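Structure file structure_9.txt with compact mmCIF, C-alpha atoms:
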# COMPACT_ATOMS: atom_id res chain seq x y z
CA GLY A 1 108.38 6.73 61.80
CA MET A 2 108.14 6.57 65.55
CA GLY A 3 106.01 4.04 67.38
CA ILE A 4 104.41 4.64 70.73
CA THR A 5 105.33 1.86 73.15
CA SER A 6 104.58 3.11 76.63
CA GLY A 7 102.36 6.10 76.91
CA PRO A 8 103.45 9.30 75.19
CA SER A 9 100.47 10.96 73.59
CA THR A 10 100.63 12.44 70.10
CA GLY A 11 100.03 15.99 68.97
CA ALA A 12 101.17 18.59 66.48
CA VAL A 13 102.73 22.03 66.67
CA SER A 14 100.78 24.30 64.32
CA LEU A 15 103.12 26.08 61.91
CA SER A 16 101.77 29.21 60.27
CA GLY A 17 101.34 28.47 56.57
CA ALA A 18 103.27 25.20 56.79
CA GLY A 19 100.81 22.72 58.27
CA ASP A 20 101.48 20.82 61.46
CA LEU A 21 104.67 19.29 62.88
CA PRO A 22 103.85 16.02 64.68
CA TYR A 23 105.37 15.19 68.05
CA LEU A 24 105.16 12.72 70.90
CA ALA A 25 104.38 14.31 74.28
CA PHE A 26 106.48 12.91 77.13
CA ASP A 27 105.06 13.29 80.64
CA PRO A 28 106.81 15.48 83.26
CA THR A 29 106.38 13.00 86.14
CA SER A 30 106.57 9.44 84.75
CA ILE A 31 109.05 7.79 82.40
CA GLU A 32 107.59 7.14 78.95
CA ARG A 33 109.27 5.56 75.92
CA SER A 34 109.00 5.49 72.16
CA ASN A 35 110.81 3.33 69.61
CA PHE A 36 111.99 3.89 66.08
CA SER A 37 113.94 1.60 63.77
CA VAL A 38 116.65 2.20 61.17
CA ALA A 39 118.15 -0.42 58.85
CA MET A 40 121.86 0.36 59.07
CA PRO A 41 123.92 0.62 55.89
CA LYS A 42 126.80 -1.70 55.04
CA SER A 43 129.19 1.23 55.53
CA TRP A 44 128.44 1.40 59.29
CA ASP A 45 131.49 0.22 61.23
CA GLU A 46 129.25 -1.59 63.77
CA GLY A 47 130.62 0.64 66.51
CA ASP A 48 129.29 3.25 68.90
CA LEU A 49 126.63 5.78 67.95
CA THR A 50 125.72 9.14 69.39
CA ALA A 51 122.50 11.11 69.03
CA LYS A 52 120.92 14.54 69.29
CA VAL A 53 117.27 15.00 70.28
CA TYR A 54 115.01 17.53 68.55
CA TRP A 55 112.24 18.74 70.85
CA ALA A 56 109.92 21.54 71.96
CA HIS A 57 107.61 22.30 74.88
CA PRO A 58 104.35 24.13 75.60
CA ALA A 59 104.01 27.22 77.79
CA THR A 60 105.49 27.17 81.28
CA THR A 61 107.17 29.86 83.35
CA THR A 62 110.26 28.36 85.03
CA ASN A 63 112.44 25.26 85.08
CA PHE A 64 113.15 24.25 81.50
CA GLY A 65 115.55 21.30 81.93
CA VAL A 66 114.81 18.00 80.16
CA VAL A 67 116.83 14.78 80.37
CA TRP A 68 116.48 12.53 77.32
CA ALA A 69 117.88 9.02 76.97
CA VAL A 70 118.59 7.43 73.61
CA GLN A 71 119.11 3.66 73.69
CA ALA A 72 119.74 1.13 70.92
CA ALA A 73 119.81 -2.58 70.16
CA ALA A 74 120.96 -4.27 66.95
CA PHE A 75 119.06 -7.17 65.39
CA GLY A 76 120.13 -9.31 62.43
CA ASP A 77 118.50 -12.04 60.41
CA ASP A 78 116.94 -14.71 62.67
CA ASP A 79 117.80 -12.85 65.92
CA THR A 80 115.07 -12.99 68.55
CA LEU A 81 113.31 -9.66 69.07
CA ASN A 82 111.89 -10.79 72.40
CA VAL A 83 114.80 -9.50 74.51
CA ASP A 84 115.48 -6.23 76.31
CA VAL A 85 119.10 -5.53 75.36
CA TYR A 86 118.92 -1.75 74.96
CA ILE A 87 122.03 0.22 75.94
CA GLY A 88 122.07 4.01 75.86
CA ALA A 89 123.19 7.39 77.05
CA ASP A 90 121.45 10.39 78.58
CA VAL A 91 121.63 14.00 77.46
CA THR A 92 120.33 17.10 79.26
CA ASP A 93 119.04 20.16 77.40
CA THR A 94 117.32 23.39 78.39
CA GLY A 95 114.28 24.90 76.70
CA GLY A 96 112.72 28.26 77.49
CA THR A 97 110.51 29.59 74.71
CA THR A 98 107.11 28.07 73.95
CA SER A 99 107.00 26.20 70.61
CA ASP A 100 110.64 26.87 69.71
CA LEU A 101 112.72 23.97 68.39
CA TYR A 102 115.50 22.82 70.72
CA ILE A 103 118.35 20.57 69.63
CA SER A 104 120.11 18.80 72.45
CA PRO A 105 123.86 18.42 72.75
CA GLU A 106 125.24 15.13 71.46
CA THR A 107 124.91 12.14 73.78
CA GLY A 108 127.88 10.18 74.97
CA PRO A 109 128.69 6.88 73.21
CA ILE A 110 125.84 4.41 72.69
CA ASN A 111 127.08 0.87 72.04
CA PRO A 112 123.99 -1.02 70.83
CA GLY A 113 123.02 -4.14 72.71
CA ASN A 114 123.38 -7.47 70.87
CA ALA A 115 126.21 -8.27 68.46
CA GLN A 116 126.27 -5.73 65.64
CA ALA A 117 126.65 -6.69 61.98
CA GLU A 118 126.32 -5.07 58.58
CA GLY A 119 122.72 -4.55 57.55
CA ASP A 120 121.31 -4.93 61.08
CA LEU A 121 118.03 -3.36 62.09
CA LEU A 122 118.90 -0.80 64.73
CA VAL A 123 115.97 -0.42 67.10
CA CYS A 124 116.26 2.79 69.09
CA ARG A 125 114.31 3.74 72.19
CA VAL A 126 113.89 7.34 73.38
CA LEU A 127 112.93 8.07 76.98
CA ARG A 128 112.37 11.21 78.98
CA GLN A 129 114.10 10.67 82.32
CA ALA A 130 111.29 12.51 84.14
CA THR A 131 112.36 11.25 87.57
CA SER A 132 115.91 12.64 87.22
CA GLY A 133 116.74 15.62 89.43
CA SER A 134 118.03 17.42 86.34
CA ASP A 135 114.66 17.05 84.55
CA THR A 136 112.83 20.12 85.84
CA LEU A 137 110.37 20.94 83.02
CA ALA A 138 106.93 20.86 84.68
CA VAL A 139 105.03 20.28 81.43
CA ASP A 140 105.22 17.73 78.62
CA ALA A 141 108.35 17.63 76.48
CA TYR A 142 107.53 17.23 72.79
CA LEU A 143 109.81 14.78 70.97
CA ILE A 144 110.02 15.86 67.32
CA GLY A 145 112.99 13.89 65.99
CA VAL A 146 116.37 12.27 66.59
CA MET A 147 119.64 12.59 64.66
CA LEU A 148 121.92 9.56 64.83
CA PHE A 149 125.66 9.80 64.27
CA TYR A 150 127.73 6.76 63.33
CA THR A 151 131.17 6.02 61.93
CA THR A 152 131.68 4.46 58.51
CA ASN A 153 134.48 2.16 57.37
CA THR A 154 133.78 2.18 53.64
CA ASN A 155 132.71 4.82 51.12
CA THR A 156 130.00 2.77 49.45
CA ASP A 157 127.08 0.51 50.41
CA ASN A 158 127.00 -1.66 47.29
Starting from the file, give its structure as structure tokens.
Amino acid sequence: GMGITSGPSTGAVSLSGAGDLPYLAFDPTSIERSNFSVAMPKSWDEGDLTAKVYWAHPATTTNFGVVWAVQAAAFGDDDTLNVDVYIGADVTDTGGTTSDLYISPETGPINPGNAQAEGDLLVCRVLRQATSGSDTLAVDAYLIGVMLFYTTNTNTDN
């Protein structure tokens, strides 16, 4: 799940006959962040990652650009968590239709901060770069999910 660390409010897009789809609402004027964690499999090659951001937005009439940043840090057994070692990449996407799902292009390479090792906890941070000139969406951007891509160097995790 996603944890709120610095301000995005929560909500849900109502889906006809299918319940609600939860999201985190990222402000159009200030930078807000949210974290999620993934325990990486042994097959991960401990190299760069990339990501795509799944998002939506409420009604607005013009200017649909959003700049997302996906950052990561790797933590192993007995590593201190009390450090800000996040390294990431931005990606710009364009919405347009209220309550449609948008899937961003893939980010550039993200080389997680800290030394990476098999079985590390990968802590990822998602930001809306609201102060970027390319972020023009005048309303909240709704973060729905993130897809991570990574390279493997073995076929099994046993």
Worksheet item: Between atom CA of A:Ala72 and atom CA of A:Gly108, what is the spacing in Å?
Response: 12.8 Å
Worksheet item: Can you tell me how far atom CA of A:Phe149 sits from atom CA of A:Gly88, in Å to one decimal?
Response: 13.4 Å
Worksheet item: Which polymer residues have any atom within 10 Å of an atom of A:Glu46, counting all atoms listed in the file, with same-chain residues fewer than 5 positions away left out, as a PyMOL selection string?
Response: chain A and resi 40-41+74+111-112+115-120+150-153
Output the selection as a short mmCIF file (atom, residue, chain, number, x, y, z; two decimals), keeping the file's coordinate frame - C-alpha atoms for each residue.
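part-v5.cif written:
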data_model
loop_
_atom_site.label_atom_id
_atom_site.label_comp_id
_atom_site.auth_asym_id
_atom_site.auth_seq_id
_atom_site.Cartn_x
_atom_site.Cartn_y
_atom_site.Cartn_z
CA MET A 40 121.86 0.36 59.07
CA PRO A 41 123.92 0.62 55.89
CA ALA A 74 120.96 -4.27 66.95
CA ASN A 111 127.08 0.87 72.04
CA PRO A 112 123.99 -1.02 70.83
CA ALA A 115 126.21 -8.27 68.46
CA GLN A 116 126.27 -5.73 65.64
CA ALA A 117 126.65 -6.69 61.98
CA GLU A 118 126.32 -5.07 58.58
CA GLY A 119 122.72 -4.55 57.55
CA ASP A 120 121.31 -4.93 61.08
CA TYR A 150 127.73 6.76 63.33
CA THR A 151 131.17 6.02 61.93
CA THR A 152 131.68 4.46 58.51
CA ASN A 153 134.48 2.16 57.37
#
Item to complete: List every protein, DNA or RNA residue with an atom no more than 7 Å from (111.5, 1.5, 69.1) in the file's coordinates, counting only C-alpha atoms, and format the result as a list in words.
Response: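 The residues near that point, listed by chain and number, are Gly3, Ser34, Asn35, Phe36, Ser37, Val123, Cys124 and Arg125 of chain A.
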Worksheet item: If I put a ball of radius 9 Å at (117.9, -8.8, 64.6) in the file's coordinates, which residues poke into it when counting all atoms listed in the file, written as a PyMOL selection string?
Response: chain A and resi 73-81+114+116+120-123
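Atom CA of A:Ala130 is positioned 15.9 Å from atom CA of A:Thr62.
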List the neighbours of A:Leu137 out to 7 Å using all atoms listed in the file; skip same-chain residues closer than 3 positions along the sequence, and give me the result as a PDB file with C-alpha atoms, in the frame of the given file.
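Wrote it out as around-v9.pdb, contents follow:
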ATOM      1  CA  PRO A  28     106.810  15.480  83.260  1.00  0.00           C
ATOM      2  CA  ASN A  63     112.440  25.260  85.080  1.00  0.00           C
ATOM      3  CA  PHE A  64     113.150  24.250  81.500  1.00  0.00           C
ATOM      4  CA  GLY A  65     115.550  21.300  81.930  1.00  0.00           C
ATOM      5  CA  VAL A  66     114.810  18.000  80.160  1.00  0.00           C
TER       6      VAL A  66
END
Worksheet item: Between A:Ser43, A:Thr92, A:Asn82, A:Ala56, which has the minimum distance to A:Gly133 (counting all atoms listed in the file)?
Response: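 Of A:Ser43, A:Thr92, A:Asn82, A:Ala56, the one nearest A:Gly133 is A:Thr92, counting all atoms listed in the file.
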Worksheet item: In terms of the shortest atom-to-atom distance over only C-alpha atoms, which of A:Gly113, A:Asp45, A:Glu106, A:Gly95 is closest to A:Val83?
Response: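 Nearest to A:Val83: A:Gly113.
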Item to complete: Could you check which of A:Val91, A:Val85, A:Val126, A:Val38 is closest to A:Pro109, using all atoms listed in the file?
Response: A:Val91
Worksheet item: Pick the closest to A:Met147 from A:Val67, A:Asp84, A:Ser132, A:Trp55: which is it, counting all atoms listed in the file?
Response: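 Among the listed residues, the smallest separation from A:Met147 belongs to A:Trp55.
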Around stretch 153-156 of chain A, with edges along x, y and z and 6 Å added on all six sides, what centre and edge lengths do you get, in Å to one decimal, as AutoDock Vina command-line options?
--center_x 132.2 --center_y 3.5 --center_z 53.4 --size_x 16.5 --size_y 14.7 --size_z 19.9
Discussion item. Need the shell around A:Asp90: protein/DNA/RNA residues with any atom at most 9 Å away, counting all atoms listed in the file. Skip same-chain ones fewer than 3 positions apart. Format as a list in words?
Written reply: Val67, Trp68, Ala69, Val70, Gln71, Thr107, Gly108, Leu127 and Gln129 of chain A
Worksheet item: Skipping near chain neighbours, those fewer than 4 positions away, what residues fall within 10 Å of A:Thr60 using all atoms listed in the file, listed as a PyMOL selection string?
Response: chain A and resi 64+96-98+137-140
Discussion item. So that I can check the surroundings of A:Ala141, please list as a list in words every protein, DNA and RNA residue that reaches within 6 Å of it, counting all atoms listed in the file and ignoring chain neighbours fewer than 6 positions away.
Written reply: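 Contacts, with the query itself left out: Ala25, Phe26 and His57 of chain A.
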For stretch 24-45 of chain A, where the input has fewer atoms than it should, I would like N, CA, C and O atoms rebuilt and written as a PDB file, in the frame of the given file.
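Written output follows (selection_28.pdb):
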ATOM      1  N   LEU A  24     105.605  13.572  69.808  1.00  0.00           N
ATOM      2  CA  LEU A  24     105.160  12.720  70.900  1.00  0.00           C
ATOM      3  C   LEU A  24     105.366  13.492  72.194  1.00  0.00           C
ATOM      4  O   LEU A  24     106.448  14.055  72.425  1.00  0.00           O
ATOM      5  N   ALA A  25     104.332  13.548  73.038  1.00  0.00           N
ATOM      6  CA  ALA A  25     104.380  14.310  74.280  1.00  0.00           C
ATOM      7  C   ALA A  25     104.793  13.406  75.437  1.00  0.00           C
ATOM      8  O   ALA A  25     104.094  12.457  75.767  1.00  0.00           O
ATOM      9  N   PHE A  26     105.943  13.699  76.032  1.00  0.00           N
ATOM     10  CA  PHE A  26     106.480  12.910  77.130  1.00  0.00           C
ATOM     11  C   PHE A  26     106.159  13.587  78.461  1.00  0.00           C
ATOM     12  O   PHE A  26     106.490  14.752  78.660  1.00  0.00           O
ATOM     13  N   ASP A  27     105.576  12.820  79.369  1.00  0.00           N
ATOM     14  CA  ASP A  27     105.060  13.290  80.640  1.00  0.00           C
ATOM     15  C   ASP A  27     106.151  13.876  81.545  1.00  0.00           C
ATOM     16  O   ASP A  27     107.281  13.384  81.538  1.00  0.00           O
ATOM     17  N   PRO A  28     105.811  14.889  82.352  1.00  0.00           N
ATOM     18  CA  PRO A  28     106.810  15.480  83.260  1.00  0.00           C
ATOM     19  C   PRO A  28     107.063  14.688  84.536  1.00  0.00           C
ATOM     20  O   PRO A  28     108.024  14.968  85.247  1.00  0.00           O
ATOM     21  N   THR A  29     106.220  13.687  84.854  1.00  0.00           N
ATOM     22  CA  THR A  29     106.380  13.000  86.140  1.00  0.00           C
ATOM     23  C   THR A  29     106.640  11.507  86.028  1.00  0.00           C
ATOM     24  O   THR A  29     107.116  10.899  86.979  1.00  0.00           O
ATOM     25  N   SER A  30     106.328  10.881  84.889  1.00  0.00           N
ATOM     26  CA  SER A  30     106.570   9.440  84.750  1.00  0.00           C
ATOM     27  C   SER A  30     107.396   9.180  83.495  1.00  0.00           C
ATOM     28  O   SER A  30     107.308   9.928  82.515  1.00  0.00           O
ATOM     29  N   ILE A  31     108.184   8.118  83.532  1.00  0.00           N
ATOM     30  CA  ILE A  31     109.050   7.790  82.400  1.00  0.00           C
ATOM     31  C   ILE A  31     108.225   7.120  81.310  1.00  0.00           C
ATOM     32  O   ILE A  31     107.556   6.116  81.560  1.00  0.00           O
ATOM     33  N   GLU A  32     108.264   7.695  80.119  1.00  0.00           N
ATOM     34  CA  GLU A  32     107.590   7.140  78.950  1.00  0.00           C
ATOM     35  C   GLU A  32     108.618   6.883  77.874  1.00  0.00           C
ATOM     36  O   GLU A  32     109.678   7.497  77.865  1.00  0.00           O
ATOM     37  N   ARG A  33     108.307   5.951  76.949  1.00  0.00           N
ATOM     38  CA  ARG A  33     109.270   5.560  75.920  1.00  0.00           C
ATOM     39  C   ARG A  33     108.604   5.529  74.567  1.00  0.00           C
ATOM     40  O   ARG A  33     107.408   5.303  74.451  1.00  0.00           O
ATOM     41  N   SER A  34     109.435   5.682  73.544  1.00  0.00           N
ATOM     42  CA  SER A  34     109.000   5.490  72.160  1.00  0.00           C
ATOM     43  C   SER A  34     110.136   4.852  71.395  1.00  0.00           C
ATOM     44  O   SER A  34     111.309   5.097  71.684  1.00  0.00           O
ATOM     45  N   ASN A  35     109.797   4.015  70.416  1.00  0.00           N
ATOM     46  CA  ASN A  35     110.810   3.330  69.610  1.00  0.00           C
ATOM     47  C   ASN A  35     110.772   3.811  68.167  1.00  0.00           C
ATOM     48  O   ASN A  35     109.714   4.187  67.666  1.00  0.00           O
ATOM     49  N   PHE A  36     111.920   3.764  67.526  1.00  0.00           N
ATOM     50  CA  PHE A  36     111.990   3.890  66.080  1.00  0.00           C
ATOM     51  C   PHE A  36     113.075   2.949  65.585  1.00  0.00           C
ATOM     52  O   PHE A  36     113.947   2.540  66.352  1.00  0.00           O
ATOM     53  N   SER A  37     112.999   2.568  64.325  1.00  0.00           N
ATOM     54  CA  SER A  37     113.940   1.600  63.770  1.00  0.00           C
ATOM     55  C   SER A  37     114.604   2.158  62.521  1.00  0.00           C
ATOM     56  O   SER A  37     113.973   2.871  61.745  1.00  0.00           O
ATOM     57  N   VAL A  38     115.874   1.792  62.344  1.00  0.00           N
ATOM     58  CA  VAL A  38     116.650   2.200  61.170  1.00  0.00           C
ATOM     59  C   VAL A  38     117.431   0.980  60.693  1.00  0.00           C
ATOM     60  O   VAL A  38     118.142   0.349  61.489  1.00  0.00           O
ATOM     61  N   ALA A  39     117.303   0.633  59.423  1.00  0.00           N
ATOM     62  CA  ALA A  39     118.150  -0.420  58.850  1.00  0.00           C
ATOM     63  C   ALA A  39     119.506   0.221  58.550  1.00  0.00           C
ATOM     64  O   ALA A  39     119.597   1.169  57.768  1.00  0.00           O
ATOM     65  N   MET A  40     120.547  -0.278  59.187  1.00  0.00           N
ATOM     66  CA  MET A  40     121.860   0.360  59.070  1.00  0.00           C
ATOM     67  C   MET A  40     122.551  -0.038  57.768  1.00  0.00           C
ATOM     68  O   MET A  40     122.479  -1.190  57.340  1.00  0.00           O
ATOM     69  N   PRO A  41     123.245   0.918  57.151  1.00  0.00           N
ATOM     70  CA  PRO A  41     123.920   0.620  55.890  1.00  0.00           C
ATOM     71  C   PRO A  41     125.170  -0.244  56.090  1.00  0.00           C
ATOM     72  O   PRO A  41     125.723  -0.326  57.187  1.00  0.00           O
ATOM     73  N   LYS A  42     125.597  -0.862  55.014  1.00  0.00           N
ATOM     74  CA  LYS A  42     126.800  -1.700  55.040  1.00  0.00           C
ATOM     75  C   LYS A  42     128.030  -0.897  55.482  1.00  0.00           C
ATOM     76  O   LYS A  42     128.952  -1.431  56.089  1.00  0.00           O
ATOM     77  N   SER A  43     128.022   0.397  55.203  1.00  0.00           N
ATOM     78  CA  SER A  43     129.190   1.230  55.530  1.00  0.00           C
ATOM     79  C   SER A  43     129.346   1.499  57.032  1.00  0.00           C
ATOM     80  O   SER A  43     130.398   1.959  57.465  1.00  0.00           O
ATOM     81  N   TRP A  44     128.320   1.220  57.848  1.00  0.00           N
ATOM     82  CA  TRP A  44     128.440   1.400  59.290  1.00  0.00           C
ATOM     83  C   TRP A  44     129.537   0.488  59.819  1.00  0.00           C
ATOM     84  O   TRP A  44     129.617  -0.691  59.469  1.00  0.00           O
ATOM     85  N   ASP A  45     130.375   1.013  60.701  1.00  0.00           N
ATOM     86  CA  ASP A  45     131.490   0.220  61.230  1.00  0.00           C
ATOM     87  C   ASP A  45     131.092  -0.686  62.399  1.00  0.00           C
ATOM     88  O   ASP A  45     131.956  -1.306  63.018  1.00  0.00           O
TER      89      ASP A  45
END
